[in-house]
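What's in structure-v6.cif: mmCIF, C-alpha atoms
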```cif
data_entry
loop_
_atom_site.label_atom_id
_atom_site.label_comp_id
_atom_site.auth_asym_id
_atom_site.auth_seq_id
_atom_site.Cartn_x
_atom_site.Cartn_y
_atom_site.Cartn_z
CA MET A 1 155.93 95.06 112.07
CA ALA A 2 154.55 91.58 111.37
CA PHE A 3 151.06 91.44 109.88
CA GLY A 4 148.89 88.66 111.22
CA PRO A 5 147.96 85.92 111.34
CA LEU A 6 144.80 87.48 112.87
CA VAL A 7 143.22 90.91 113.00
CA ASP A 8 140.19 91.93 115.02
CA ALA A 9 137.19 93.98 113.95
CA ILE A 10 138.61 97.10 115.64
CA TRP A 11 141.70 96.93 113.44
CA LEU A 12 139.65 96.32 110.32
CA ARG A 13 137.35 99.29 110.99
CA ALA A 14 140.42 101.50 111.31
CA HIS A 15 142.06 100.21 108.11
CA LEU A 16 139.10 99.23 105.93
CA HIS A 17 139.77 102.01 103.42
CA ASP A 18 143.56 101.74 103.30
CA PRO A 19 144.49 101.42 99.62
CA ASP A 20 146.61 98.31 100.19
CA VAL A 21 143.97 96.42 102.19
CA ARG A 22 141.83 93.90 100.28
CA VAL A 23 138.97 92.25 102.16
CA ILE A 24 137.74 88.89 100.86
CA ASP A 25 134.52 87.16 101.82
CA PHE A 26 135.28 83.45 101.62
CA ARG A 27 132.11 81.94 103.00
CA TRP A 28 131.25 78.36 102.04
CA TYR A 29 128.81 75.80 103.40
CA LEU A 30 128.89 72.04 103.15
CA LEU A 31 125.12 71.65 102.95
CA ARG A 32 121.97 73.71 102.31
CA ARG A 33 123.43 77.24 102.15
CA ASN A 34 125.38 79.02 99.43
CA GLY A 35 128.27 81.40 100.11
CA ARG A 36 127.54 83.78 97.25
CA ASP A 37 123.89 84.04 98.25
CA GLU A 38 124.93 84.93 101.79
CA TYR A 39 127.41 87.51 100.45
CA GLU A 40 124.62 89.15 98.46
CA ARG A 41 122.42 89.29 101.56
CA GLY A 42 125.08 91.26 103.40
CA HIS A 43 128.86 91.59 103.57
CA ILE A 44 131.55 93.83 105.02
CA PRO A 45 131.70 97.07 103.00
CA GLY A 46 134.20 96.83 100.18
CA ALA A 47 134.62 93.06 100.47
CA VAL A 48 134.83 90.97 97.32
CA PHE A 49 133.54 87.41 97.18
CA VAL A 50 135.74 84.46 96.19
CA GLU A 51 134.26 81.01 95.64
CA LEU A 52 135.99 78.05 97.25
CA GLU A 53 135.52 76.10 94.03
CA SER A 54 137.32 78.80 92.02
CA VAL A 55 140.51 78.14 94.01
CA THR A 56 140.08 74.35 94.04
CA GLY A 57 142.12 72.31 91.60
CA ALA A 58 140.96 69.83 88.99
CA GLU A 59 143.54 67.17 89.84
CA GLY A 60 144.47 65.49 93.10
CA GLY A 61 142.92 63.40 95.82
CA GLY A 62 139.77 64.37 97.70
CA ARG A 63 136.92 66.79 97.08
CA HIS A 64 139.02 69.95 97.23
CA PRO A 65 142.42 69.41 95.59
CA LEU A 66 144.93 72.23 95.78
CA PRO A 67 144.78 74.60 92.79
CA ALA A 68 147.53 75.05 90.25
CA ALA A 69 149.63 78.18 90.75
CA GLU A 70 148.31 80.06 87.71
CA GLN A 71 144.67 79.18 88.51
CA PHE A 72 145.09 80.55 92.01
CA ALA A 73 146.97 83.65 90.83
CA GLU A 74 144.27 84.48 88.29
CA GLU A 75 141.51 84.29 90.90
CA MET A 76 143.49 86.52 93.24
CA ARG A 77 144.07 89.07 90.47
CA ARG A 78 140.33 89.08 89.75
CA ALA A 79 139.74 89.73 93.44
CA GLY A 80 142.02 92.77 93.28
CA VAL A 81 144.94 91.24 95.13
CA SER A 82 148.40 92.59 94.27
CA SER A 83 151.87 91.70 95.46
CA ASN A 84 151.75 94.48 98.07
CA SER A 85 148.19 93.81 99.28
CA ARG A 86 147.38 93.15 102.89
CA VAL A 87 144.64 90.55 102.52
CA VAL A 88 141.97 90.16 105.19
CA VAL A 89 139.82 87.03 104.79
CA TYR A 90 136.63 86.31 106.70
CA ASP A 91 133.96 83.65 106.90
CA ASP A 92 130.82 82.82 108.88
CA HIS A 93 131.80 81.47 112.30
CA THR A 94 128.35 79.92 112.81
CA ALA A 95 129.26 77.47 110.04
CA ALA A 96 132.43 75.86 108.71
CA PRO A 97 135.69 77.78 109.06
CA THR A 98 136.84 78.49 105.51
CA ALA A 99 138.78 81.78 105.76
CA SER A 100 141.80 79.84 106.98
CA ARG A 101 141.82 77.86 103.72
CA LEU A 102 142.42 81.01 101.67
CA TRP A 103 144.92 82.21 104.28
CA PHE A 104 146.76 78.90 103.83
CA LEU A 105 146.65 79.03 100.02
CA LEU A 106 148.01 82.57 99.93
CA GLY A 107 150.96 81.45 102.03
CA LEU A 108 151.39 78.27 100.01
CA PHE A 109 151.82 80.35 96.86
CA GLY A 110 154.21 82.85 98.34
CA HIS A 111 152.15 85.75 99.71
CA ARG A 112 153.28 86.95 103.12
CA ALA A 113 150.68 89.53 104.15
CA GLN A 114 147.42 87.70 104.79
CA VAL A 115 145.27 87.47 107.90
CA VAL A 116 141.97 86.05 109.08
CA LEU A 117 139.37 88.25 110.74
CA ASP A 118 139.12 86.81 114.24
CA GLY A 119 135.52 85.86 114.95
CA GLY A 120 134.44 86.23 111.34
CA LEU A 121 131.43 88.17 110.16
CA GLN A 122 129.78 87.86 113.56
CA ALA A 123 132.64 89.77 115.20
CA TRP A 124 132.28 92.53 112.61
CA GLY A 125 128.56 92.97 113.18
CA SER A 126 127.64 96.06 111.18
CA PRO A 127 127.49 97.93 108.87
CA LEU A 128 126.92 95.49 106.04
CA GLU A 129 126.28 96.22 102.39
CA THR A 130 124.52 94.17 99.73
CA GLU A 131 126.03 95.65 96.57
CA ALA A 132 128.61 93.39 94.89
CA GLN A 133 132.00 95.02 94.57
CA SER A 134 133.80 95.73 91.31
CA VAL A 135 137.53 96.13 91.94
CA ASP A 136 140.55 96.93 89.82
CA ARG A 137 142.45 93.88 88.73
CA GLY A 138 145.46 93.09 90.90
CA ASN A 139 148.93 92.00 89.87
CA PHE A 140 149.30 89.00 92.19
CA THR A 141 151.97 86.55 91.06
CA ALA A 142 152.13 83.07 92.57
CA THR A 143 155.37 81.33 93.35
CA GLY A 144 155.59 77.58 93.06
CA PRO A 145 153.64 75.98 95.94
CA ASP A 146 155.59 75.18 99.09
CA MET A 147 154.89 71.45 99.05
CA SER A 148 156.85 70.93 102.26
CA ARG A 149 153.61 72.01 103.96
CA VAL A 150 151.44 69.38 102.24
CA LEU A 151 151.21 65.58 102.39
CA ASP A 152 149.45 63.01 100.20
CA TRP A 153 148.01 59.68 101.35
CA GLN A 154 151.27 57.80 100.78
CA ALA A 155 153.17 60.22 103.02
CA VAL A 156 150.46 59.98 105.68
CA SER A 157 150.62 56.18 105.54
CA ALA A 158 154.36 56.36 106.16
CA LEU A 159 154.18 58.78 109.11
CA ARG A 160 156.13 57.66 112.14
CA GLY A 161 156.49 59.63 115.35
CA VAL A 162 154.58 62.69 114.08
CA PRO A 163 151.17 63.50 115.60
CA LEU A 164 148.28 63.10 113.16
CA ILE A 165 145.26 65.20 114.13
CA ASP A 166 141.71 64.78 112.81
CA ALA A 167 139.93 68.16 112.90
CA ARG A 168 136.41 66.84 112.26
CA ALA A 169 133.59 66.66 114.77
CA GLY A 170 133.88 63.85 117.30
CA GLU A 171 130.98 61.84 115.91
CA ARG A 172 132.57 61.74 112.47
CA TYR A 173 135.97 60.83 113.92
CA ARG A 174 134.43 57.99 115.93
CA GLY A 175 132.52 56.73 112.90
CA GLU A 176 129.07 57.27 114.40
CA THR A 177 127.96 59.28 111.38
CA GLU A 178 129.33 60.20 107.96
CA PRO A 179 127.23 62.64 105.91
CA ILE A 180 129.24 62.74 102.70
CA ASP A 181 132.20 60.36 102.40
CA PRO A 182 131.98 56.62 101.58
CA LYS A 183 133.38 55.27 104.87
CA ALA A 184 132.90 56.31 108.48
CA GLY A 185 135.74 56.52 110.95
CA HIS A 186 139.27 57.93 111.00
CA ILE A 187 142.83 57.22 109.92
CA PRO A 188 144.40 54.71 112.33
CA GLY A 189 146.66 56.49 114.79
CA ALA A 190 144.96 59.88 114.42
CA ARG A 191 143.90 61.85 117.49
CA ASN A 192 140.80 64.03 117.45
CA LEU A 193 140.72 67.80 118.01
CA PRO A 194 137.53 69.23 116.45
CA TYR A 195 138.09 72.63 114.88
CA THR A 196 135.32 74.06 117.06
CA GLU A 197 137.33 73.33 120.20
CA ILE A 198 140.14 75.75 119.37
CA LEU A 199 137.70 78.66 119.55
CA ALA A 200 136.38 80.50 122.58
CA SER A 201 132.64 80.80 123.21
CA ASP A 202 132.49 84.06 121.21
CA GLY A 203 133.87 82.42 118.07
CA ARG A 204 137.32 83.97 118.40
CA PHE A 205 140.48 81.92 118.71
CA LYS A 206 141.65 80.92 122.15
CA THR A 207 144.78 82.61 123.50
CA PRO A 208 148.22 81.38 122.37
CA GLY A 209 148.80 79.85 125.80
CA GLU A 210 145.48 78.01 125.77
CA LEU A 211 146.18 76.69 122.29
CA ARG A 212 149.66 75.50 123.25
CA ARG A 213 148.21 73.58 126.19
CA GLN A 214 145.51 72.11 124.00
CA PHE A 215 147.94 70.94 121.34
CA GLY A 216 150.41 69.79 123.98
CA ALA A 217 147.80 67.46 125.45
CA LEU A 218 147.82 65.66 122.09
CA GLY A 219 151.59 65.45 121.97
CA VAL A 220 151.97 68.35 119.56
CA ASP A 221 154.97 70.51 120.35
CA ASP A 222 157.22 70.31 117.30
CA GLY A 223 155.00 69.75 114.31
CA ALA A 224 151.91 67.77 113.38
CA VAL A 225 149.86 66.76 110.36
CA PHE A 226 146.21 67.82 110.23
CA TYR A 227 143.28 66.60 108.17
CA CYS A 228 139.50 67.03 108.04
CA GLY A 229 136.86 66.06 105.48
CA SER A 230 138.44 67.59 102.39
CA GLY A 231 141.35 69.74 103.54
CA VAL A 232 139.37 72.94 104.16
CA ASN A 233 138.47 73.06 107.86
CA ALA A 234 141.79 71.55 108.96
CA THR A 235 143.58 74.69 107.82
CA GLN A 236 142.06 76.37 110.87
CA GLN A 237 144.25 74.08 112.97
CA LEU A 238 147.30 75.20 110.98
CA LEU A 239 146.31 78.79 111.68
CA ALA A 240 145.91 77.97 115.38
CA MET A 241 149.39 76.43 115.40
CA GLU A 242 150.81 79.70 114.07
CA ILE A 243 148.86 81.71 116.64
CA ALA A 244 150.29 79.43 119.33
CA GLY A 245 153.84 79.91 118.04
CA LEU A 246 154.18 76.23 117.15
CA LYS A 247 156.10 75.19 114.05
CA ASN A 248 155.96 72.54 111.33
CA ALA A 249 152.20 72.25 110.89
CA ARG A 250 151.32 70.39 107.70
CA LEU A 251 148.11 69.53 105.85
CA TYR A 252 146.98 66.21 104.43
CA ALA A 253 145.46 67.89 101.41
CA GLY A 254 143.06 65.14 100.34
CA SER A 255 141.99 64.45 103.93
CA TRP A 256 139.23 61.96 104.71
CA SER A 257 137.56 62.41 101.32
CA ASP A 258 140.74 61.01 99.77
CA TRP A 259 141.59 58.35 102.37
CA SER A 260 138.05 56.92 102.56
CA ASN A 261 137.88 56.47 98.79
CA ARG A 262 140.94 54.22 98.79
CA ASP A 263 141.59 50.67 99.96
CA LEU A 264 143.18 51.87 103.20
CA PRO A 265 142.60 50.90 106.84
CA VAL A 266 139.92 52.70 108.86
CA ALA A 267 139.57 52.96 112.63
CA THR A 268 136.41 53.70 114.61
CA GLY A 269 135.63 54.60 118.18
CA SER A 270 137.35 57.12 120.43
CA GLU A 271 140.79 55.51 120.45
CA ALA A 272 143.50 56.48 117.97
#
```
Would you mind giving the structure from this file in structure tokens?
Amino acid sequence: MAFGPLVDAIWLRAHLHDPDVRVIDFRWYLLRRNGRDEYERGHIPGAVFVELESVTGAEGGGRHPLPAAEQFAEEMRRAGVSSNSRVVVYDDHTAAPTASRLWFLLGLFGHRAQVVLDGGLQAWGSPLETEAQSVDRGNFTATGPDMSRVLDWQAVSALRGVPLIDARAGERYRGETEPIDPKAGHIPGARNLPYTEILASDGRFKTPGELRRQFGALGVDDGAVFYCGSGVNATQQLLAMEIAGLKNARLYAGSWSDWSNRDLPVATGSEA
């Protein structure tokens, strides 16, 4: 039976103590809050914390380059992940969606049993624990990254006939505000689908049918390229594509933090 790409809190409560299940808290915040601090205030029992920066590479465009295979494998081994682990990743759905980034990285480096907790920590509710977990070291081994799923700025510049989707909030897409990157606006030709709009009011993903209609309205039916600020939040769109049963979703890894730091054209306003 296929595992994923989502599980709900009911499933996790039933399987939390299965020996092959590893729960990872992957909370991260762009401004003001710290993921590790929030983990220490309360996390799902047995969950280990992984820092976004620990699985971010040192080379590449944008604020969060993809990690090297051995760097990623070492962090997963420290987190207790083995080749046979079923990995459940969660985040804080009142903030930025980050669990999908680790879900994406696990797949990129060859793991095939990883899921995101639908609705995040809020869907879990309680109980929570505050004691940091010490786990046995795993034996995770990374394959070479599947770079067919990733584009750089040159490949994005050369896109023809493939939908390009900006997953940031509408005001950032339109260029009305830009809190962190050097230029405001979006990549010319990109359409906007904020990551918040693929979720229902309770923070869980919309149904596969709803997602297919939403993507279809943007011309997405056989593949698309997604980007956000730094390649983290846009992975939630890749996850939504898989939930919807749509193929060929790819990530512009450097995203706007890469594009806006280069001498490249920028569009503003609500039009692509």
**OP:** Work out how far CA of His17 in chain A is from CA of Val87 in chain A, in Å to one decimal.
**Re:** 12.5 Å
**OP:** Identify the residues around (138.4, 53.0, 107.7) within a radius of 10 Å, measuring from all atoms listed in the file in the coordinates stated by the file, and give them as a PyMOL selection string.
**Re:** chain A and resi 175+182-188+256+259-268
**OP:** Might you spell out which residues the PyMOL selection byres ((chain A and resi 68) around 9) would select in the displayed file, as a list in words?
**Re:**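 Going through the file, the PyMOL selection byres ((chain A and resi 68) around 9) ends up selecting Val55, Thr56, Gly57, Ala58, Glu59, Leu66, Pro67, Ala69, Glu70, Gln71, Phe72, Ala73, Gly144 and Pro145 of chain A.
Nearest residue to Val48 in chain A, choosing from A:Ser134, A:Ser148, A:Gln236, A:Gln214 and counting all atoms listed in the file: A:Ser134.
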Original post:
How far is it from CA of Pro208 in chain A to CA of Ile243 in chain A, in Å with one decimal?
Top reply: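 Computed distance, CA of Pro208 in chain A to CA of Ile243 in chain A, equals 5.8 Å.
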